[in-house]
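Encoded as structure tokens, the structure appears first; notes follow it.
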Amino acid sequence: MPAEAQTFNLVVDYSCTDGVAGNAPVTLTARVKIPTSVQTGSMLSLGWAVEYTGTRRFMSPGYFPPGAQVSLVGNVKLEGAWNGVLQPRGVEEQGALQPNQRLEAPEGMSSEAHMTEEGVIRLTPQNLTVDFVPPAGEEVVNDDALDRITYKGPGWAYQGSLPMQYGDHGRDLHTTSNRTDEAVIKFHGTGFEVLGRRMPDVGRIRVIIDDDESAIVDTSRTETGEPTNVIQGNSTLWRRDDLPYGFHRLAVRALDDGKNIHLDAFKLLTAEMINPPTLHRATCTITNNPGTVEINVGGSSPGPTDTVTPTSTPTDTDQPTDDPTDTTSPTPSTSTSTTPPGRHPFPTSSGHVSVVVPGGTATPTATPTVNPTVTNYKAQVLATPTGGVDTGEAPERETGSPGLLLGGSLLLMGSVTGGLLMRRRRAEHAGGMDR
């Protein structure tokens, strides 16, 4: 049985700043379990155990609904038989978040590399990154969320337990009729909707996103600009969904003195992102000297050898048993084809990295070579007749002289008898003989 592969435990200390770490460093320790030898055709698996080592923690950058993720991405430099970077990854999903709430970091990371040929690979850990990925979707913040919305101005009044038939979100509203009164909300995302009432005899609002003050909405009209004569609660007064992901300030300001505006809620939008935003990224640098680990990639066990079984020449049962035939059987031989050495790139997939070492791969190919067969024969008769050719075959048996004499006598007697008959017939015809 093959010996169990040995492992090396590498300890890497990190100091993280910026992004979800802030200016003061957050310290981490990663313990990496690395096998020192693997067989070709198998997977090189690196196991990472990560933990906080100080009192500081990663913190949420703002308000987020459940589904945000904290992602750790490591970097391991590979040199020798293959040059590149292996990136172990770990992800931890978060619940509902508030600003400066502690984030749960992944307890581990994993990475794998496919070993295809023999060689030595040197692994050196490098920097680590921490990404915060906000959940895609929408979040509705009701008008009574005073921890999220700031009401500026003396005219704001809260109305609750409103009739259900108007459709107000949460059956409540914030109302003001003072010009320049504002409601402000700050958020991370890519868009928003301002929800409120459209109804007769109400005033206009200005929607301000960051420094853009271009939107003015008359809430006494429908979305198509027609005057309305009904109360429509929970209506979209203004919408934007083309903002770059980031931190935004949204304000709704009253424009007409003596005319009410009714604010119902804010709907905050976050588009799905292919890559994590760099806004919340923390960079972790190595603070100790973990060193470099060498991994020996060994060859696999050889496969079965192709063999050729010679076929024996059948023996003629009519031959004398005391005169065997000497036959030489074909001799099999095996040739080996060798793939020229070289480097071959392999695609990465599902988080895998192919590691290829230069070198040839020998593939045994069974090519039977048959040598000429030489068979020695002896004559099947022990004596060759005089005057015969030594062909190795017995001549036909002679008929014998008595048979020849008897045949010649019969032919002679037939000839004499035939002559006498012909002479007699001629005489009768001429009348020279009596009947």
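Ligands are numbered from 1 in the order shown, chains are lettered A, B, ... in the order of the structure tokens, and residues start at 1 in each chain.
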Output as CSV one row per residue of stretch 210-239 of chain A within 8 Å of stretch 187-193 of chain A: the closest atom pair and its distance in Å to one decimal place, counting only C-alpha atoms, sorted by chain and residue number ascending.
residue,atom,partner,partner_atom,distance
A:Thr236,CA,A:Glu193,CA,6.4
A:Leu237,CA,A:Glu193,CA,7.3
A:Trp238,CA,A:Glu193,CA,5.7
A:Arg239,CA,A:Glu193,CA,4.4
Residues just named, written with all heavy atoms as a PDB file, in the first residue's frame:
ATOM      1  N   THR A 236     -45.911  55.672  -7.312  1.00  0.00           N
ATOM      2  CA  THR A 236     -44.530  56.053  -7.610  1.00  0.00           C
ATOM      3  C   THR A 236     -44.535  57.493  -8.123  1.00  0.00           C
ATOM      4  O   THR A 236     -45.045  57.775  -9.214  1.00  0.00           O
ATOM      5  CB  THR A 236     -43.924  55.109  -8.659  1.00  0.00           C
ATOM      6  OG1 THR A 236     -43.902  53.775  -8.142  1.00  0.00           O
ATOM      7  CG2 THR A 236     -42.503  55.528  -9.005  1.00  0.00           C
ATOM      8  N   LEU A 237     -43.950  58.397  -7.342  1.00  0.00           N
ATOM      9  CA  LEU A 237     -43.882  59.794  -7.744  1.00  0.00           C
ATOM     10  C   LEU A 237     -42.666  60.058  -8.643  1.00  0.00           C
ATOM     11  O   LEU A 237     -42.754  60.887  -9.556  1.00  0.00           O
ATOM     12  CB  LEU A 237     -43.823  60.691  -6.496  1.00  0.00           C
ATOM     13  CG  LEU A 237     -44.968  60.504  -5.490  1.00  0.00           C
ATOM     14  CD1 LEU A 237     -44.791  61.460  -4.309  1.00  0.00           C
ATOM     15  CD2 LEU A 237     -46.329  60.692  -6.156  1.00  0.00           C
ATOM     16  N   TRP A 238     -41.546  59.346  -8.390  1.00  0.00           N
ATOM     17  CA  TRP A 238     -40.351  59.491  -9.229  1.00  0.00           C
ATOM     18  C   TRP A 238     -39.462  58.268  -9.045  1.00  0.00           C
ATOM     19  O   TRP A 238     -39.394  57.694  -7.959  1.00  0.00           O
ATOM     20  CB  TRP A 238     -39.575  60.756  -8.863  1.00  0.00           C
ATOM     21  CG  TRP A 238     -38.465  61.077  -9.837  1.00  0.00           C
ATOM     22  CD1 TRP A 238     -37.137  60.935  -9.635  1.00  0.00           C
ATOM     23  CD2 TRP A 238     -38.624  61.578 -11.156  1.00  0.00           C
ATOM     24  NE1 TRP A 238     -36.447  61.322 -10.750  1.00  0.00           N
ATOM     25  CE2 TRP A 238     -37.325  61.733 -11.708  1.00  0.00           C
ATOM     26  CE3 TRP A 238     -39.737  61.944 -11.938  1.00  0.00           C
ATOM     27  CZ2 TRP A 238     -37.102  62.210 -12.986  1.00  0.00           C
ATOM     28  CZ3 TRP A 238     -39.521  62.418 -13.214  1.00  0.00           C
ATOM     29  CH2 TRP A 238     -38.213  62.543 -13.733  1.00  0.00           C
ATOM     30  N   ARG A 239     -38.784  57.894 -10.165  1.00  0.00           N
ATOM     31  CA  ARG A 239     -37.950  56.679 -10.137  1.00  0.00           C
ATOM     32  C   ARG A 239     -36.658  56.935 -10.904  1.00  0.00           C
ATOM     33  O   ARG A 239     -36.669  57.550 -11.981  1.00  0.00           O
ATOM     34  CB  ARG A 239     -38.703  55.492 -10.746  1.00  0.00           C
ATOM     35  CG  ARG A 239     -37.845  54.218 -10.885  1.00  0.00           C
ATOM     36  CD  ARG A 239     -38.598  53.127 -11.625  1.00  0.00           C
ATOM     37  NE  ARG A 239     -37.741  51.992 -11.947  1.00  0.00           N
ATOM     38  CZ  ARG A 239     -37.586  50.922 -11.190  1.00  0.00           C
ATOM     39  NH1 ARG A 239     -38.245  50.826 -10.044  1.00  0.00           N
ATOM     40  NH2 ARG A 239     -36.778  49.947 -11.568  1.00  0.00           N
TER      41      ARG A 239
END
(message) Residues within 12 Å of stretch 145-153 of chain A, please, as a count of residues only. Count only C-alpha atoms; anything in the same chain fewer than 3 positions from it doesn't count.
(response) 39
Write out as an mmCIF file with N, CA, C and O atoms, in the first residue's frame the residues lying within 10 Å of A:Gly203, counting only C-alpha atoms and excluding same-chain residues fewer than 6 positions away.
data_model
loop_
_atom_site.group_PDB
_atom_site.id
_atom_site.type_symbol
_atom_site.label_atom_id
_atom_site.label_comp_id
_atom_site.auth_asym_id
_atom_site.auth_seq_id
_atom_site.Cartn_x
_atom_site.Cartn_y
_atom_site.Cartn_z
ATOM 1 N N THR A 176 -46.560 67.605 4.835
ATOM 2 C CA THR A 176 -46.168 68.983 5.126
ATOM 3 C C THR A 176 -46.718 69.899 4.034
ATOM 4 O O THR A 176 -46.906 69.461 2.889
ATOM 5 N N SER A 177 -46.954 71.166 4.406
ATOM 6 C CA SER A 177 -47.395 72.179 3.443
ATOM 7 C C SER A 177 -46.464 73.387 3.447
ATOM 8 O O SER A 177 -46.792 74.430 2.890
ATOM 9 N N ARG A 179 -43.108 75.245 2.329
ATOM 10 C CA ARG A 179 -42.104 75.259 1.278
ATOM 11 C C ARG A 179 -40.707 75.111 1.907
ATOM 12 O O ARG A 179 -40.446 75.684 2.967
ATOM 13 N N VAL A 217 -41.993 67.181 -9.615
ATOM 14 C CA VAL A 217 -43.174 66.343 -9.812
ATOM 15 C C VAL A 217 -44.395 67.062 -9.239
ATOM 16 O O VAL A 217 -44.387 67.511 -8.078
ATOM 17 N N ASP A 218 -45.473 67.175 -10.056
ATOM 18 C CA ASP A 218 -46.757 67.711 -9.599
ATOM 19 C C ASP A 218 -47.591 66.524 -9.119
ATOM 20 O O ASP A 218 -48.065 65.708 -9.932
ATOM 21 N N THR A 219 -47.783 66.423 -7.800
ATOM 22 C CA THR A 219 -48.464 65.250 -7.253
ATOM 23 C C THR A 219 -49.989 65.330 -7.397
ATOM 24 O O THR A 219 -50.694 64.410 -6.960
ATOM 25 N N SER A 220 -50.515 66.422 -8.008
ATOM 26 C CA SER A 220 -51.955 66.501 -8.266
ATOM 27 C C SER A 220 -52.307 65.928 -9.631
ATOM 28 O O SER A 220 -53.472 65.972 -10.036
ATOM 29 N N ARG A 221 -51.320 65.363 -10.323
ATOM 30 C CA ARG A 221 -51.557 64.802 -11.660
ATOM 31 C C ARG A 221 -51.114 63.335 -11.700
ATOM 32 O O ARG A 221 -50.326 62.875 -10.863
ATOM 33 N N ALA A 254 -40.579 70.131 -0.451
ATOM 34 C CA ALA A 254 -41.855 70.760 -0.822
ATOM 35 C C ALA A 254 -41.584 72.089 -1.534
ATOM 36 O O ALA A 254 -40.694 72.852 -1.128
ATOM 37 N N LEU A 255 -42.366 72.378 -2.596
ATOM 38 C CA LEU A 255 -42.145 73.585 -3.400
ATOM 39 C C LEU A 255 -43.252 74.631 -3.269
ATOM 40 O O LEU A 255 -43.028 75.802 -3.632
ATOM 41 N N ASP A 256 -44.426 74.238 -2.759
ATOM 42 C CA ASP A 256 -45.564 75.177 -2.741
ATOM 43 C C ASP A 256 -46.048 75.379 -1.298
ATOM 44 O O ASP A 256 -46.407 74.412 -0.605
ATOM 45 N N ASP A 257 -46.063 76.651 -0.880
ATOM 46 C CA ASP A 257 -46.624 76.966 0.438
ATOM 47 C C ASP A 257 -48.142 76.775 0.417
ATOM 48 O O ASP A 257 -48.819 77.117 -0.555
ATOM 49 N N GLY A 258 -48.696 76.222 1.475
ATOM 50 C CA GLY A 258 -50.136 76.069 1.629
ATOM 51 C C GLY A 258 -50.700 74.852 0.921
ATOM 52 O O GLY A 258 -51.910 74.607 1.033
ATOM 53 N N LYS A 259 -49.898 74.078 0.217
ATOM 54 C CA LYS A 259 -50.402 72.860 -0.433
ATOM 55 C C LYS A 259 -49.641 71.658 0.117
ATOM 56 O O LYS A 259 -48.402 71.640 0.120
ATOM 57 N N ASN A 260 -50.412 70.688 0.568
ATOM 58 C CA ASN A 260 -49.798 69.512 1.187
ATOM 59 C C ASN A 260 -49.075 68.635 0.163
ATOM 60 O O ASN A 260 -49.485 68.523 -1.004
ATOM 61 N N ILE A 261 -48.035 68.012 0.641
ATOM 62 C CA ILE A 261 -47.440 66.862 -0.063
ATOM 63 C C ILE A 261 -47.470 65.694 0.912
ATOM 64 O O ILE A 261 -47.366 65.882 2.135
ATOM 65 N N HIS A 262 -47.650 64.478 0.379
ATOM 66 C CA HIS A 262 -47.808 63.288 1.215
ATOM 67 C C HIS A 262 -46.704 62.279 0.842
ATOM 68 O O HIS A 262 -46.712 61.736 -0.261
#
(request) Determine the nearest neighbour of A:Ala271 from the options A:Pro200, A:Pro65, A:Gly137, A:Pro290, counting only C-alpha atoms. (result)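 Of the candidates, the smallest distance to A:Ala271 is held by A:Gly137.
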(message) What's around A:Ser42 at 10 Å? Count only C-alpha atoms, leave out sequence neighbours fewer than 3 positions away in its own chain, and write the answer as an MDAnalysis selection string.
(response) chainID A and resid 38:39 45 113:117 297 300
(message) So, with only C-alpha atoms as the atoms that count, which of A:Gly47, A:Pro135, A:Pro125, A:Gly298 lies closest to A:Lys33?
(response)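 The answer is A:Gly47, which sits nearest to A:Lys33.
Neighbouring residues of A:Asn23 at 12 Å or closer, counting only C-alpha atoms and skipping chain neighbours under 2 positions away, are A:Ser15, A:Cys16, A:Thr17, A:Asp18, A:Gly19, A:Val20, A:Ala21, A:Pro25, A:Val26, A:Arg56, A:Arg57, A:Phe58, A:Met59, A:Ala282, A:Thr283.
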Write to file, as a PDB file, in the first residue's frame, the residues of the selection just made, with N, CA and C atoms.
ATOM      1  N   SER A  15      -2.854  41.719   8.238  1.00  0.00           N
ATOM      2  CA  SER A  15      -3.373  42.966   8.776  1.00  0.00           C
ATOM      3  C   SER A  15      -4.204  43.632   7.692  1.00  0.00           C
ATOM      4  N   CYS A  16      -5.494  43.926   7.989  1.00  0.00           N
ATOM      5  CA  CYS A  16      -6.439  44.404   6.978  1.00  0.00           C
ATOM      6  C   CYS A  16      -6.863  45.836   7.307  1.00  0.00           C
ATOM      7  N   THR A  17      -6.923  46.684   6.270  1.00  0.00           N
ATOM      8  CA  THR A  17      -7.379  48.067   6.439  1.00  0.00           C
ATOM      9  C   THR A  17      -8.263  48.467   5.262  1.00  0.00           C
ATOM     10  N   ASP A  18      -8.970  49.601   5.439  1.00  0.00           N
ATOM     11  CA  ASP A  18      -9.868  50.188   4.440  1.00  0.00           C
ATOM     12  C   ASP A  18     -11.115  49.324   4.265  1.00  0.00           C
ATOM     13  N   GLY A  19     -12.055  49.841   3.459  1.00  0.00           N
ATOM     14  CA  GLY A  19     -13.283  49.105   3.195  1.00  0.00           C
ATOM     15  C   GLY A  19     -14.035  48.781   4.460  1.00  0.00           C
ATOM     16  N   VAL A  20     -14.433  47.540   4.623  1.00  0.00           N
ATOM     17  CA  VAL A  20     -15.187  47.122   5.803  1.00  0.00           C
ATOM     18  C   VAL A  20     -14.299  46.992   7.031  1.00  0.00           C
ATOM     19  N   ALA A  21     -12.973  47.183   6.872  1.00  0.00           N
ATOM     20  CA  ALA A  21     -12.069  47.120   8.019  1.00  0.00           C
ATOM     21  C   ALA A  21     -11.864  48.489   8.655  1.00  0.00           C
ATOM     22  N   PRO A  25      -6.419  48.686  11.812  1.00  0.00           N
ATOM     23  CA  PRO A  25      -6.307  47.355  11.203  1.00  0.00           C
ATOM     24  C   PRO A  25      -7.146  46.293  11.910  1.00  0.00           C
ATOM     25  N   VAL A  26      -7.665  45.390  11.107  1.00  0.00           N
ATOM     26  CA  VAL A  26      -8.285  44.162  11.591  1.00  0.00           C
ATOM     27  C   VAL A  26      -7.296  43.042  11.303  1.00  0.00           C
ATOM     28  N   ARG A  56     -10.734  43.921  17.003  1.00  0.00           N
ATOM     29  CA  ARG A  56     -11.496  44.592  15.966  1.00  0.00           C
ATOM     30  C   ARG A  56     -12.089  43.579  14.995  1.00  0.00           C
ATOM     31  N   ARG A  57     -13.221  43.967  14.376  1.00  0.00           N
ATOM     32  CA  ARG A  57     -13.933  43.107  13.436  1.00  0.00           C
ATOM     33  C   ARG A  57     -14.289  43.907  12.188  1.00  0.00           C
ATOM     34  N   PHE A  58     -14.605  43.201  11.119  1.00  0.00           N
ATOM     35  CA  PHE A  58     -15.153  43.861   9.936  1.00  0.00           C
ATOM     36  C   PHE A  58     -16.552  44.370  10.263  1.00  0.00           C
ATOM     37  N   MET A  59     -16.899  45.575   9.753  1.00  0.00           N
ATOM     38  CA  MET A  59     -18.166  46.216  10.087  1.00  0.00           C
ATOM     39  C   MET A  59     -18.977  46.504   8.822  1.00  0.00           C
ATOM     40  N   ALA A 282     -11.473  45.559   1.525  1.00  0.00           N
ATOM     41  CA  ALA A 282     -10.362  45.706   2.465  1.00  0.00           C
ATOM     42  C   ALA A 282      -9.193  44.868   1.961  1.00  0.00           C
ATOM     43  N   THR A 283      -7.984  45.424   2.061  1.00  0.00           N
ATOM     44  CA  THR A 283      -6.779  44.728   1.634  1.00  0.00           C
ATOM     45  C   THR A 283      -6.009  44.258   2.856  1.00  0.00           C
TER      46      THR A 283
END
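Minimum distance to A:Arg122 across A:Thr285, A:Asn100, A:Asn83, A:Ser71 (counting only C-alpha atoms) occurs at A:Asn83.
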(request) Between atom CA of A:Arg281 and atom CA of A:Gly95, measure the distance and give it in Å to one decimal. (result) 19.1 Å
(message) What's around A:Gly80 at 12 Å? Count only C-alpha atoms, leave out sequence neighbours fewer than 2 positions away in its own chain, and write the answer as a ChimeraX atom specification.
(response) /A:77-78,82-84,118-124,292-297,355-358
(message) Between atom CA of A:Thr36 and atom CA of A:Phe8, what is the distance in Å, rounded to a tenth?
(response)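 We find that atom CA of A:Thr36 and atom CA of A:Phe8 lie 6.5 Å from each other.
Across the model, the gap from atom CA of A:Asp144 to atom CA of A:Asp211 is 25.3 Å.
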(message) I need the residues of stretch 22-75 of chain A that end up classed as strand (DSSP E or B) by DSSP on the backbone, written out as number ranges by chain.
(response) A: 26-35, 37-39, 43-52, 59, 64, 69-73
Give me the residues within 8 Å of A:Glu104 as a JSON list (two decimals) with N, CA, C and O atoms, in the first residue's frame, counting only C-alpha atoms and dropping any in the same chain fewer than 6 places off.
[["chain", "number", "residue", "atom", "x", "y", "z"],
["A", 58, "PHE", "N", -14.61, 43.20, 11.12],
["A", 58, "PHE", "CA", -15.15, 43.86, 9.94],
["A", 58, "PHE", "C", -16.55, 44.37, 10.26],
["A", 58, "PHE", "O", -17.33, 43.68, 10.94],
["A", 70, "VAL", "N", -19.92, 38.36, 2.73],
["A", 70, "VAL", "CA", -18.53, 38.72, 2.97],
["A", 70, "VAL", "C", -17.68, 37.64, 2.30],
["A", 70, "VAL", "O", -17.84, 36.44, 2.58],
["A", 92, "GLU", "N", -19.34, 34.04, 3.32],
["A", 92, "GLU", "CA", -20.27, 33.94, 4.45],
["A", 92, "GLU", "C", -21.43, 34.89, 4.21],
["A", 92, "GLU", "O", -21.25, 36.09, 4.01],
["A", 93, "GLU", "N", -22.68, 34.34, 4.22],
["A", 93, "GLU", "CA", -23.87, 35.18, 4.00],
["A", 93, "GLU", "C", -24.29, 35.84, 5.30],
["A", 93, "GLU", "O", -24.21, 35.25, 6.38],
["A", 94, "GLN", "N", -24.78, 37.10, 5.17],
["A", 94, "GLN", "CA", -25.14, 37.91, 6.34],
["A", 94, "GLN", "C", -26.66, 38.05, 6.45],
["A", 94, "GLN", "O", -27.39, 37.89, 5.47]]
